[in-house]
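Trainee: My structure is below; once you've seen it, I'll send some questions.
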Amino acid sequence: MLRVAGGTVNQIPLHWQNNVENIVNAIEQAKEQKVQILCLPELCITGYGCEDMFLSDWVPEKAWEQIGVIQKHCLGITVSIGLPVRIDNTTYNGACVISDGKILGISLKQNLARDGVHYEPRWFDPWPSGKVSEIKRNNQSIQVGDIIYNVNGIRMGFEICEDGWREQRPGYSLFQRGVDLILNPSASHFAMGKSQLREKVVALDASKKFKCAYVFANLLGNEAGRMIYDGDIIIAQNGKLIGQNLRLSFNRFEILYCDIDFDDPKQSQAPKLLDNKDRNEELTKALALGLYDYLRKSGAKGFVLSLSGGADSGTCATMVAEMVKRASHSLGWEVFCKTLGLDLETINNDWRKATGAILSCAYQASKNSSESTFLAAKELAESIGAQFLNWRIDDEVISYSAKIEHAVHRKLNWEQDDITLQNIQARARSPIIWMLANIKHSILLTTSNRSEADVGYATMDGDTSGSLAPIAGLSKPYIIQWLKWAERELNYKGLNRINALQPTAELRPAERQQTDESDLMPYLIMVEIEKLAIQERKSPREVFEEMKIGHANVGQLKSYIKKFFRLWSINQWKRERFAPSFHLDDLNVDPRTWCRFPILSSGFSDELEKL
């Protein structure tokens, strides 16, 4: 019977003090809990998101220096610690095993993630299966590669993150060599529903197939700005889940241990924790943690938001309030206020007062804005305690319009200048909301969603202005249903008016009855096209053939598909300029993290003509 644990840590790229402190604290807690073997996440010394800094010589060297600091804390315990390893001018992704203060070896990753958000082959080389080599560090010879360790009477090997997702995974070789325990240190980004897949594919199937115990330990938090890690720790044995933690913690580190009987697996024991896998709940937890980490790590004083009374800005405002609730409940008011620089006495343990200290909202009306959206914005802001400001932008719109009319020698009109007249309203809102963000030393949230990004339904330097786009990874239909869930399940009654409104940009005169779906297409159809065209990379013809079953009007369906591909192609330049966004779903259209497309292209002209 051995006490084996996974540990998660909330790291910051290249922040040596923060990262080592979290690692050491995790080790010390594990020792207090009598843990004998501890698996910490992938690249936890440097942080996973160091990007091209991994190509340098000094970052792996600096990471190795931290091993010397951590080593002194590993007496009486075996710990695996993730770091980059530089060998003969080539960088590998490694897990250093320290047992009772001595380095036993460094296991190196054999399969590199290269799809979706991952670009590991740019920075690392894969290590060949079965190969073991030797390096010199500080006059010490250290084994590196595909190593089997003998620790506490059991045989132990590694699959590092992507290793566990491949069909020909290292586990097969480890099984043939008789391992009892496989450790999987990971940096596996959050996406809704992904934890269940990890649980089955990476841990349960492996522990059953390879007749062993399996420990998966993931990074935690919004590490570098875009990716959120859920801190998932999964422990399985012989196909049975024996331990899983509560994910998306606000703590800097977490430990989960199990007492594993390697002779009689039926005797293995673990604390029972139930982690909520509901998609709305896990999204809420992920966004709350992402916003909290972004705020504290950036050093900003709060958030500023242009609150339009619509679904997107309403979601952003509600998520900030939910962040305050969850983080203060988890950490306690004293720690929460100290971390974010808030006055504890003024806040007085009141989440609405804390939200008001952090979040400033402004309703920026034009002559095309309605009373309905004003009241929706005002009621939501007041219900969550956010500061609510409002002003009109008509003077700015009139001034800009007059100047251009003088320059082009004619009056602007809706029949000829529709897009121009819409865009100037959105752009006139940008400079003043930026002023508010500057005055408050705060992060300006932009409210773009993924459906808008698909087709460029946004005004550049207007409603896209901002430092952070927290919901840009979510589709519009998902946002709409989440808001209704939040009103019902999280008791945000201030969302009632927003949930009763039909999505609209409110940039045309009221008599023109503008709605998002009349401008574009039904959102549910757009989501279906997006999945096939972008996620599954199907051609226009293939998208049509798959969607035509169940659609009565195939001519209209063709027009929607053509419109989607045309708008997708001509709006790549907009996606290139969107603010950093969180990755929250299986799909993301941010070209810097998931989906690359040429700015200039044929626009699928041949394919659309044939369709």
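Here's how to read the names in the structure tokens: chain A, B, ... by the order shown, residue numbers from 1 in each chain, ligand numbers from 1 in the order shown.
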Identify, on the basis of only C-alpha atoms, every residue whose closest approach to stretch 499-501 of chain A does not exceed 10 Å; exclude the query and any residue fewer than 5 positions from it along the same chain; express the result as a list of chain:residue names.
Mentor: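 Those residues are A:Gly309, A:Gly310, A:Ala311, A:Gly314, A:Ser372, A:Thr373, A:Ala376, A:Ile480, A:Gln481, A:Leu483, A:Lys484, A:Glu487, A:Gly494.
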Trainee: Would you mind exporting all heavy atoms of the selected residues as a PDB file, in the first residue's frame?
Mentor:
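This went into part.pdb:
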```
ATOM      1  N   GLY A 309     -26.994  46.284 -22.780  1.00  0.00           N
ATOM      2  CA  GLY A 309     -28.316  45.720 -22.533  1.00  0.00           C
ATOM      3  C   GLY A 309     -28.569  44.472 -23.337  1.00  0.00           C
ATOM      4  O   GLY A 309     -29.662  43.899 -23.292  1.00  0.00           O
ATOM      5  N   GLY A 310     -27.551  44.007 -24.071  1.00  0.00           N
ATOM      6  CA  GLY A 310     -27.663  42.787 -24.865  1.00  0.00           C
ATOM      7  C   GLY A 310     -27.052  41.585 -24.166  1.00  0.00           C
ATOM      8  O   GLY A 310     -26.479  41.682 -23.079  1.00  0.00           O
ATOM      9  N   ALA A 311     -27.153  40.444 -24.834  1.00  0.00           N
ATOM     10  CA  ALA A 311     -26.730  39.177 -24.236  1.00  0.00           C
ATOM     11  C   ALA A 311     -25.229  39.114 -23.979  1.00  0.00           C
ATOM     12  O   ALA A 311     -24.787  38.631 -22.935  1.00  0.00           O
ATOM     13  CB  ALA A 311     -27.155  38.020 -25.140  1.00  0.00           C
ATOM     14  N   GLY A 314     -24.098  41.485 -21.227  1.00  0.00           N
ATOM     15  CA  GLY A 314     -24.740  40.990 -20.009  1.00  0.00           C
ATOM     16  C   GLY A 314     -24.024  39.773 -19.452  1.00  0.00           C
ATOM     17  O   GLY A 314     -23.879  39.626 -18.231  1.00  0.00           O
ATOM     18  N   SER A 372     -35.750  49.933 -23.894  1.00  0.00           N
ATOM     19  CA  SER A 372     -35.686  48.537 -23.420  1.00  0.00           C
ATOM     20  C   SER A 372     -34.260  48.132 -23.080  1.00  0.00           C
ATOM     21  O   SER A 372     -34.007  47.526 -22.036  1.00  0.00           O
ATOM     22  CB  SER A 372     -36.248  47.593 -24.486  1.00  0.00           C
ATOM     23  OG  SER A 372     -37.604  47.870 -24.728  1.00  0.00           O
ATOM     24  N   THR A 373     -33.301  48.445 -23.969  1.00  0.00           N
ATOM     25  CA  THR A 373     -31.924  48.045 -23.690  1.00  0.00           C
ATOM     26  C   THR A 373     -31.315  48.890 -22.573  1.00  0.00           C
ATOM     27  O   THR A 373     -30.497  48.403 -21.794  1.00  0.00           O
ATOM     28  CB  THR A 373     -31.045  48.124 -24.957  1.00  0.00           C
ATOM     29  OG1 THR A 373     -31.137  49.436 -25.522  1.00  0.00           O
ATOM     30  CG2 THR A 373     -31.468  47.083 -25.986  1.00  0.00           C
ATOM     31  N   ALA A 376     -32.595  47.357 -19.432  1.00  0.00           N
ATOM     32  CA  ALA A 376     -31.964  46.038 -19.247  1.00  0.00           C
ATOM     33  C   ALA A 376     -30.552  46.190 -18.687  1.00  0.00           C
ATOM     34  O   ALA A 376     -30.149  45.470 -17.769  1.00  0.00           O
ATOM     35  CB  ALA A 376     -31.925  45.284 -20.572  1.00  0.00           C
ATOM     36  N   ILE A 480     -26.791  32.690 -25.145  1.00  0.00           N
ATOM     37  CA  ILE A 480     -28.197  32.969 -24.855  1.00  0.00           C
ATOM     38  C   ILE A 480     -28.763  31.957 -23.875  1.00  0.00           C
ATOM     39  O   ILE A 480     -29.458  32.311 -22.909  1.00  0.00           O
ATOM     40  CB  ILE A 480     -29.008  32.994 -26.168  1.00  0.00           C
ATOM     41  CG1 ILE A 480     -28.617  34.223 -27.000  1.00  0.00           C
ATOM     42  CG2 ILE A 480     -30.507  32.987 -25.895  1.00  0.00           C
ATOM     43  CD1 ILE A 480     -29.173  34.222 -28.410  1.00  0.00           C
ATOM     44  N   GLN A 481     -28.444  30.672 -24.082  1.00  0.00           N
ATOM     45  CA  GLN A 481     -28.968  29.674 -23.144  1.00  0.00           C
ATOM     46  C   GLN A 481     -28.290  29.774 -21.788  1.00  0.00           C
ATOM     47  O   GLN A 481     -28.918  29.526 -20.753  1.00  0.00           O
ATOM     48  CB  GLN A 481     -28.861  28.256 -23.736  1.00  0.00           C
ATOM     49  CG  GLN A 481     -27.485  27.639 -23.802  1.00  0.00           C
ATOM     50  CD  GLN A 481     -27.016  27.045 -22.486  1.00  0.00           C
ATOM     51  OE1 GLN A 481     -27.800  26.560 -21.678  1.00  0.00           O
ATOM     52  NE2 GLN A 481     -25.705  27.103 -22.249  1.00  0.00           N
ATOM     53  N   LEU A 483     -27.309  32.527 -20.298  1.00  0.00           N
ATOM     54  CA  LEU A 483     -27.934  33.639 -19.574  1.00  0.00           C
ATOM     55  C   LEU A 483     -29.253  33.213 -18.931  1.00  0.00           C
ATOM     56  O   LEU A 483     -29.559  33.604 -17.791  1.00  0.00           O
ATOM     57  CB  LEU A 483     -28.172  34.810 -20.522  1.00  0.00           C
ATOM     58  CG  LEU A 483     -26.975  35.717 -20.805  1.00  0.00           C
ATOM     59  CD1 LEU A 483     -27.327  36.716 -21.885  1.00  0.00           C
ATOM     60  CD2 LEU A 483     -26.524  36.450 -19.551  1.00  0.00           C
ATOM     61  N   LYS A 484     -30.036  32.429 -19.626  1.00  0.00           N
ATOM     62  CA  LYS A 484     -31.296  31.946 -19.055  1.00  0.00           C
ATOM     63  C   LYS A 484     -31.031  31.003 -17.891  1.00  0.00           C
ATOM     64  O   LYS A 484     -31.736  31.031 -16.876  1.00  0.00           O
ATOM     65  CB  LYS A 484     -32.134  31.266 -20.146  1.00  0.00           C
ATOM     66  CG  LYS A 484     -32.624  32.259 -21.205  1.00  0.00           C
ATOM     67  CD  LYS A 484     -33.345  31.574 -22.349  1.00  0.00           C
ATOM     68  CE  LYS A 484     -33.804  32.613 -23.378  1.00  0.00           C
ATOM     69  NZ  LYS A 484     -34.433  31.981 -24.560  1.00  0.00           N
ATOM     70  N   GLU A 487     -29.948  33.158 -14.891  1.00  0.00           N
ATOM     71  CA  GLU A 487     -31.095  33.808 -14.236  1.00  0.00           C
ATOM     72  C   GLU A 487     -31.837  32.813 -13.347  1.00  0.00           C
ATOM     73  O   GLU A 487     -32.199  33.128 -12.208  1.00  0.00           O
ATOM     74  CB  GLU A 487     -32.051  34.382 -15.283  1.00  0.00           C
ATOM     75  CG  GLU A 487     -33.263  35.076 -14.661  1.00  0.00           C
ATOM     76  CD  GLU A 487     -34.303  35.517 -15.678  1.00  0.00           C
ATOM     77  OE1 GLU A 487     -34.065  35.367 -16.894  1.00  0.00           O
ATOM     78  OE2 GLU A 487     -35.370  36.011 -15.235  1.00  0.00           O
ATOM     79  N   GLY A 494     -31.605  40.164 -12.264  1.00  0.00           N
ATOM     80  CA  GLY A 494     -31.345  41.337 -13.096  1.00  0.00           C
ATOM     81  C   GLY A 494     -31.164  41.017 -14.565  1.00  0.00           C
ATOM     82  O   GLY A 494     -31.064  41.925 -15.403  1.00  0.00           O
TER      83      GLY A 494
END
```
Trainee: Show which residues sit within 12 Å of A:Ala426, as a ChimeraX atom specification. Count only C-alpha atoms, and ignore same-chain residues fewer than 6 positions away.
Mentor: /A:306,308,364-366,368-369,393-394,396-397,419-420,432-433,457-465,505-508
Trainee: Write down as JSON, numbers by chain the residues belonging to stretch 4-207 of chain A that are assigned alpha helix (DSSP H) by DSSP computed on the backbone.
Mentor: {"A": [16, 17, 18, 19, 20, 21, 22, 23, 24, 25, 26, 27, 28, 29, 30, 31, 32, 58, 59, 60, 61, 62, 63, 64, 65, 66, 67, 68, 69, 70, 71, 120, 121, 122, 123, 171, 172, 173, 174, 175, 176, 194, 195, 196, 197, 205, 206, 207]}
Trainee: Of the candidates A:Glu159, A:Gln168, A:Ser401, A:Val202, which shows the shortest atom-to-atom distance to A:Asp417, using only C-alpha atoms?
Mentor: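 That would be A:Ser401, the residue with the smallest distance to A:Asp417.
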Trainee: Which neighbours of stretch 263-271 of chain A fall inside 6 Å, counting only C-alpha atoms, when residues of the same chain fewer than 5 positions from it are skipped, and could you give them as a compact mmCIF listing (two decimals) with N, CA, C and O atoms, in the first residue's frame?
Mentor:
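So the final result, stored in around.txt, reads:
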```
# COMPACT_ATOMS: atom_id res chain seq x y z
N ILE A 242 -10.55 5.82 -8.80
CA ILE A 242 -10.45 5.78 -7.34
C ILE A 242 -10.21 7.16 -6.73
O ILE A 242 -10.21 7.31 -5.51
N GLY A 243 -10.02 8.17 -7.57
CA GLY A 243 -9.85 9.52 -7.03
C GLY A 243 -9.96 10.59 -8.10
O GLY A 243 -9.38 10.45 -9.18
N CYS A 258 -4.35 9.09 -2.98
CA CYS A 258 -5.05 7.82 -2.80
C CYS A 258 -4.08 6.83 -2.18
O CYS A 258 -2.88 6.84 -2.48
```
Trainee: Distance atom CA of A:Ile398-atom CA of A:Ala510, one decimal place?
Mentor: 18.0 Å
Trainee: As a PDB file with C-alpha atoms, in the first residue's frame, please: every residue in stretch 49-238 of chain A that a backbone DSSP assignment puts in strand (DSSP E or B).
Mentor:
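In the end it all went to states_19.pdb:
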```pdb
ATOM      1  CA  THR A  78       9.397  11.017  -4.537  1.00  0.00           C
ATOM      2  CA  VAL A  79       8.304  13.912  -6.778  1.00  0.00           C
ATOM      3  CA  SER A  80       8.107  14.413 -10.552  1.00  0.00           C
ATOM      4  CA  ILE A  81       8.575  18.013 -11.716  1.00  0.00           C
ATOM      5  CA  GLY A  82       8.031  19.273 -15.271  1.00  0.00           C
ATOM      6  CA  LEU A  83      10.661  21.371 -17.050  1.00  0.00           C
ATOM      7  CA  PRO A  84      12.285  21.928 -20.480  1.00  0.00           C
ATOM      8  CA  VAL A  85      15.571  20.083 -20.938  1.00  0.00           C
ATOM      9  CA  ARG A  86      18.255  21.236 -23.385  1.00  0.00           C
ATOM     10  CA  ILE A  87      20.466  18.446 -24.797  1.00  0.00           C
ATOM     11  CA  THR A  90      17.806  20.504 -28.829  1.00  0.00           C
ATOM     12  CA  THR A  91      15.023  21.129 -26.316  1.00  0.00           C
ATOM     13  CA  TYR A  92      12.859  18.352 -24.883  1.00  0.00           C
ATOM     14  CA  ASN A  93       9.832  18.382 -22.613  1.00  0.00           C
ATOM     15  CA  GLY A  94      10.740  16.524 -19.443  1.00  0.00           C
ATOM     16  CA  ALA A  95       9.685  15.320 -16.011  1.00  0.00           C
ATOM     17  CA  CYS A  96      12.498  15.224 -13.466  1.00  0.00           C
ATOM     18  CA  VAL A  97      12.086  12.541 -10.790  1.00  0.00           C
ATOM     19  CA  ILE A  98      13.568  13.401  -7.392  1.00  0.00           C
ATOM     20  CA  SER A  99      13.433  10.755  -4.669  1.00  0.00           C
ATOM     21  CA  LYS A 102      18.284  12.581  -5.152  1.00  0.00           C
ATOM     22  CA  ILE A 103      17.639  12.927  -8.890  1.00  0.00           C
ATOM     23  CA  LEU A 104      16.764   9.506 -10.321  1.00  0.00           C
ATOM     24  CA  GLY A 105      16.364  10.647 -13.923  1.00  0.00           C
ATOM     25  CA  ILE A 106      14.393  12.778 -16.361  1.00  0.00           C
ATOM     26  CA  SER A 107      11.635  11.223 -18.463  1.00  0.00           C
ATOM     27  CA  LEU A 108      11.172  12.940 -21.846  1.00  0.00           C
ATOM     28  CA  VAL A 132      17.721   6.084 -22.644  1.00  0.00           C
ATOM     29  CA  SER A 133      20.699   8.437 -22.650  1.00  0.00           C
ATOM     30  CA  GLU A 134      22.859  10.218 -20.110  1.00  0.00           C
ATOM     31  CA  ILE A 135      23.623  13.896 -19.495  1.00  0.00           C
ATOM     32  CA  LYS A 136      25.958  15.740 -17.137  1.00  0.00           C
ATOM     33  CA  ARG A 137      24.583  18.360 -14.783  1.00  0.00           C
ATOM     34  CA  GLN A 140      26.437  14.459 -11.897  1.00  0.00           C
ATOM     35  CA  SER A 141      25.490  11.861 -14.510  1.00  0.00           C
ATOM     36  CA  ILE A 142      21.711  11.750 -14.998  1.00  0.00           C
ATOM     37  CA  GLN A 143      19.687   9.283 -17.031  1.00  0.00           C
ATOM     38  CA  VAL A 144      17.241  10.848 -19.496  1.00  0.00           C
ATOM     39  CA  GLY A 145      14.645   9.426 -21.861  1.00  0.00           C
ATOM     40  CA  TYR A 149      11.998   3.839 -12.122  1.00  0.00           C
ATOM     41  CA  ASN A 150      12.039   1.527  -9.140  1.00  0.00           C
ATOM     42  CA  VAL A 151      10.489   3.462  -6.266  1.00  0.00           C
ATOM     43  CA  ILE A 154       7.069  -0.578  -7.498  1.00  0.00           C
ATOM     44  CA  ARG A 155       7.987   0.030 -11.135  1.00  0.00           C
ATOM     45  CA  MET A 156       6.993   3.467 -12.448  1.00  0.00           C
ATOM     46  CA  GLY A 157       6.978   5.083 -15.896  1.00  0.00           C
ATOM     47  CA  PHE A 158       5.631   8.187 -17.655  1.00  0.00           C
ATOM     48  CA  LEU A 181       2.286   2.888 -11.940  1.00  0.00           C
ATOM     49  CA  ILE A 182       2.108   5.414 -14.789  1.00  0.00           C
ATOM     50  CA  LEU A 183       2.335   9.135 -14.056  1.00  0.00           C
ATOM     51  CA  ASN A 184       0.942  11.656 -16.526  1.00  0.00           C
ATOM     52  CA  PRO A 185       1.997  15.260 -15.821  1.00  0.00           C
ATOM     53  CA  SER A 186      -0.107  17.440 -18.137  1.00  0.00           C
ATOM     54  CA  HIS A 189      -6.304  23.255 -21.620  1.00  0.00           C
ATOM     55  CA  ALA A 213      -2.385   2.489 -11.386  1.00  0.00           C
ATOM     56  CA  TYR A 214      -2.537   5.761 -13.321  1.00  0.00           C
ATOM     57  CA  VAL A 215      -2.161   9.340 -12.064  1.00  0.00           C
ATOM     58  CA  PHE A 216      -3.099  12.336 -14.232  1.00  0.00           C
ATOM     59  CA  ALA A 217      -2.121  15.796 -12.879  1.00  0.00           C
ATOM     60  CA  ASN A 218      -3.010  18.942 -14.824  1.00  0.00           C
ATOM     61  CA  LEU A 220      -4.339  25.079 -12.883  1.00  0.00           C
ATOM     62  CA  GLY A 221      -5.620  28.565 -13.699  1.00  0.00           C
ATOM     63  CA  ASN A 222      -5.328  31.215 -16.395  1.00  0.00           C
ATOM     64  CA  ILE A 228      -7.366  28.163 -18.702  1.00  0.00           C
ATOM     65  CA  TYR A 229      -6.259  24.948 -16.986  1.00  0.00           C
ATOM     66  CA  ASP A 230      -8.729  23.186 -14.723  1.00  0.00           C
ATOM     67  CA  ILE A 233      -6.337  15.330 -10.943  1.00  0.00           C
ATOM     68  CA  ILE A 234      -7.477  11.813 -11.841  1.00  0.00           C
ATOM     69  CA  ILE A 235      -6.306   8.604 -10.172  1.00  0.00           C
ATOM     70  CA  ALA A 236      -7.392   5.234 -11.563  1.00  0.00           C
ATOM     71  CA  GLN A 237      -6.422   1.611 -11.092  1.00  0.00           C
TER      72      GLN A 237
END
```
Trainee: Nearest to A:Gly239 among A:Phe262, A:Phe210, A:Trp594, A:Phe544, with distances taken over only C-alpha atoms: which residue is it?
Mentor: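 Answer, going by the shortest atom-to-atom distance: A:Phe210.
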Trainee: Counting only C-alpha atoms, what is within 8 Å of A:Ala317, bar same-chain residues fewer than 3 positions away, as a CSV table (one decimal) with N, CA, C and O atoms, in the first residue's frame?
Mentor:
```csv
chain,number,residue,atom,x,y,z
A,305,LEU,N,-16.6,48.0,-18.8
A,305,LEU,CA,-17.4,47.3,-19.8
A,305,LEU,C,-18.5,48.2,-20.4
A,305,LEU,O,-19.1,49.0,-19.6
A,307,LEU,N,-21.8,48.3,-21.4
A,307,LEU,CA,-23.0,47.5,-21.2
A,307,LEU,C,-24.1,47.9,-22.0
A,307,LEU,O,-24.8,48.9,-21.7
A,313,SER,N,-22.7,41.5,-23.6
A,313,SER,CA,-22.2,42.4,-22.5
A,313,SER,C,-22.8,42.0,-21.2
A,313,SER,O,-22.2,42.0,-20.1
A,314,GLY,N,-24.1,41.5,-21.2
A,314,GLY,CA,-24.7,41.0,-20.0
A,314,GLY,C,-24.0,39.8,-19.5
A,314,GLY,O,-23.9,39.6,-18.2
A,320,VAL,N,-18.3,38.6,-14.2
A,320,VAL,CA,-17.4,39.3,-13.2
A,320,VAL,C,-18.0,39.2,-11.8
A,320,VAL,O,-17.3,38.9,-10.9
A,321,ALA,N,-19.4,39.4,-11.7
A,321,ALA,CA,-20.0,39.2,-10.4
A,321,ALA,C,-19.9,37.8,-9.9
A,321,ALA,O,-19.6,37.6,-8.7
A,359,LEU,N,-15.9,46.5,-11.0
A,359,LEU,CA,-16.6,46.6,-12.3
A,359,LEU,C,-17.3,47.9,-12.5
A,359,LEU,O,-18.1,48.3,-11.7
A,381,ALA,N,-26.8,46.0,-14.0
A,381,ALA,CA,-25.7,46.6,-13.3
A,381,ALA,C,-26.1,46.9,-11.8
A,381,ALA,O,-25.3,46.6,-10.9
```
Trainee: Could you work out how far atom CA of A:Ala357 lies from atom CA of A:Ser467, giving the answer in Å with one decimal?
Mentor: 19.0 Å
Trainee: If we count only C-alpha atoms and set the cut-off at 12 Å, which residues sit around A:Lys610, ignoring sequence neighbours fewer than 6 positions away in its own chain? Please answer as JSON, numbers by chain.
Mentor: {"A": [539, 540, 541, 542, 544, 558, 562, 604]}
Trainee: Go ahead and write the residues just picked, C-alpha atoms, as an mmCIF file, in the first residue's frame.
Mentor:
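Generated file (result-v7.cif):
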```cif
data_model
loop_
_atom_site.group_PDB
_atom_site.id
_atom_site.type_symbol
_atom_site.label_atom_id
_atom_site.label_comp_id
_atom_site.auth_asym_id
_atom_site.auth_seq_id
_atom_site.Cartn_x
_atom_site.Cartn_y
_atom_site.Cartn_z
ATOM 1 C CA SER A 539 -15.899 22.117 -48.350
ATOM 2 C CA PRO A 540 -19.079 24.109 -49.165
ATOM 3 C CA ARG A 541 -20.456 21.128 -51.128
ATOM 4 C CA GLU A 542 -19.723 18.711 -48.254
ATOM 5 C CA PHE A 544 -24.488 21.276 -47.968
ATOM 6 C CA LYS A 558 -27.424 27.101 -50.013
ATOM 7 C CA LYS A 562 -22.571 30.720 -49.414
ATOM 8 C CA PHE A 604 -13.918 29.749 -52.057
#
```
Trainee: Can you work out which one of A:Tyr257, A:Trp58, A:Phe582, A:Trp165 has the shortest atom-to-atom distance to A:Glu223, counting only C-alpha atoms?
Mentor: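 Closest residue, counting only C-alpha atoms: A:Phe582.
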Trainee: Between A:Asp586, A:Ser249, A:Asp259, A:Val304, which residue has the minimum interatomic distance to A:Ser330, considering only C-alpha atoms?
Mentor: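 Closest candidate: A:Ser249.
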Trainee: When you count only C-alpha atoms, which of these residues is closest to A:Ala300: A:Lys440, A:Arg122, A:His15, A:Lys109?
Mentor: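 Distance minimum relative to A:Ala300 lands on A:Lys440.
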Trainee: Which residues are near A:Leu246? Cut-off 7 Å, only C-alpha atoms, ignore same chain within fewer than 6 positions. Put them as a PyMOL selection string.
Mentor: chain A and resi 273-275
Trainee: Export, as a PDB file, in the first residue's frame, the selected residues with C-alpha atoms.
Mentor:
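The result, written out as part.pdb:
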```pdb
ATOM      1  CA  LEU A 273     -15.113  14.125  -3.971  1.00  0.00           C
ATOM      2  CA  LEU A 274     -17.850  14.841  -6.483  1.00  0.00           C
ATOM      3  CA  ASP A 275     -16.878  17.218  -9.276  1.00  0.00           C
TER       4      ASP A 275
END
```
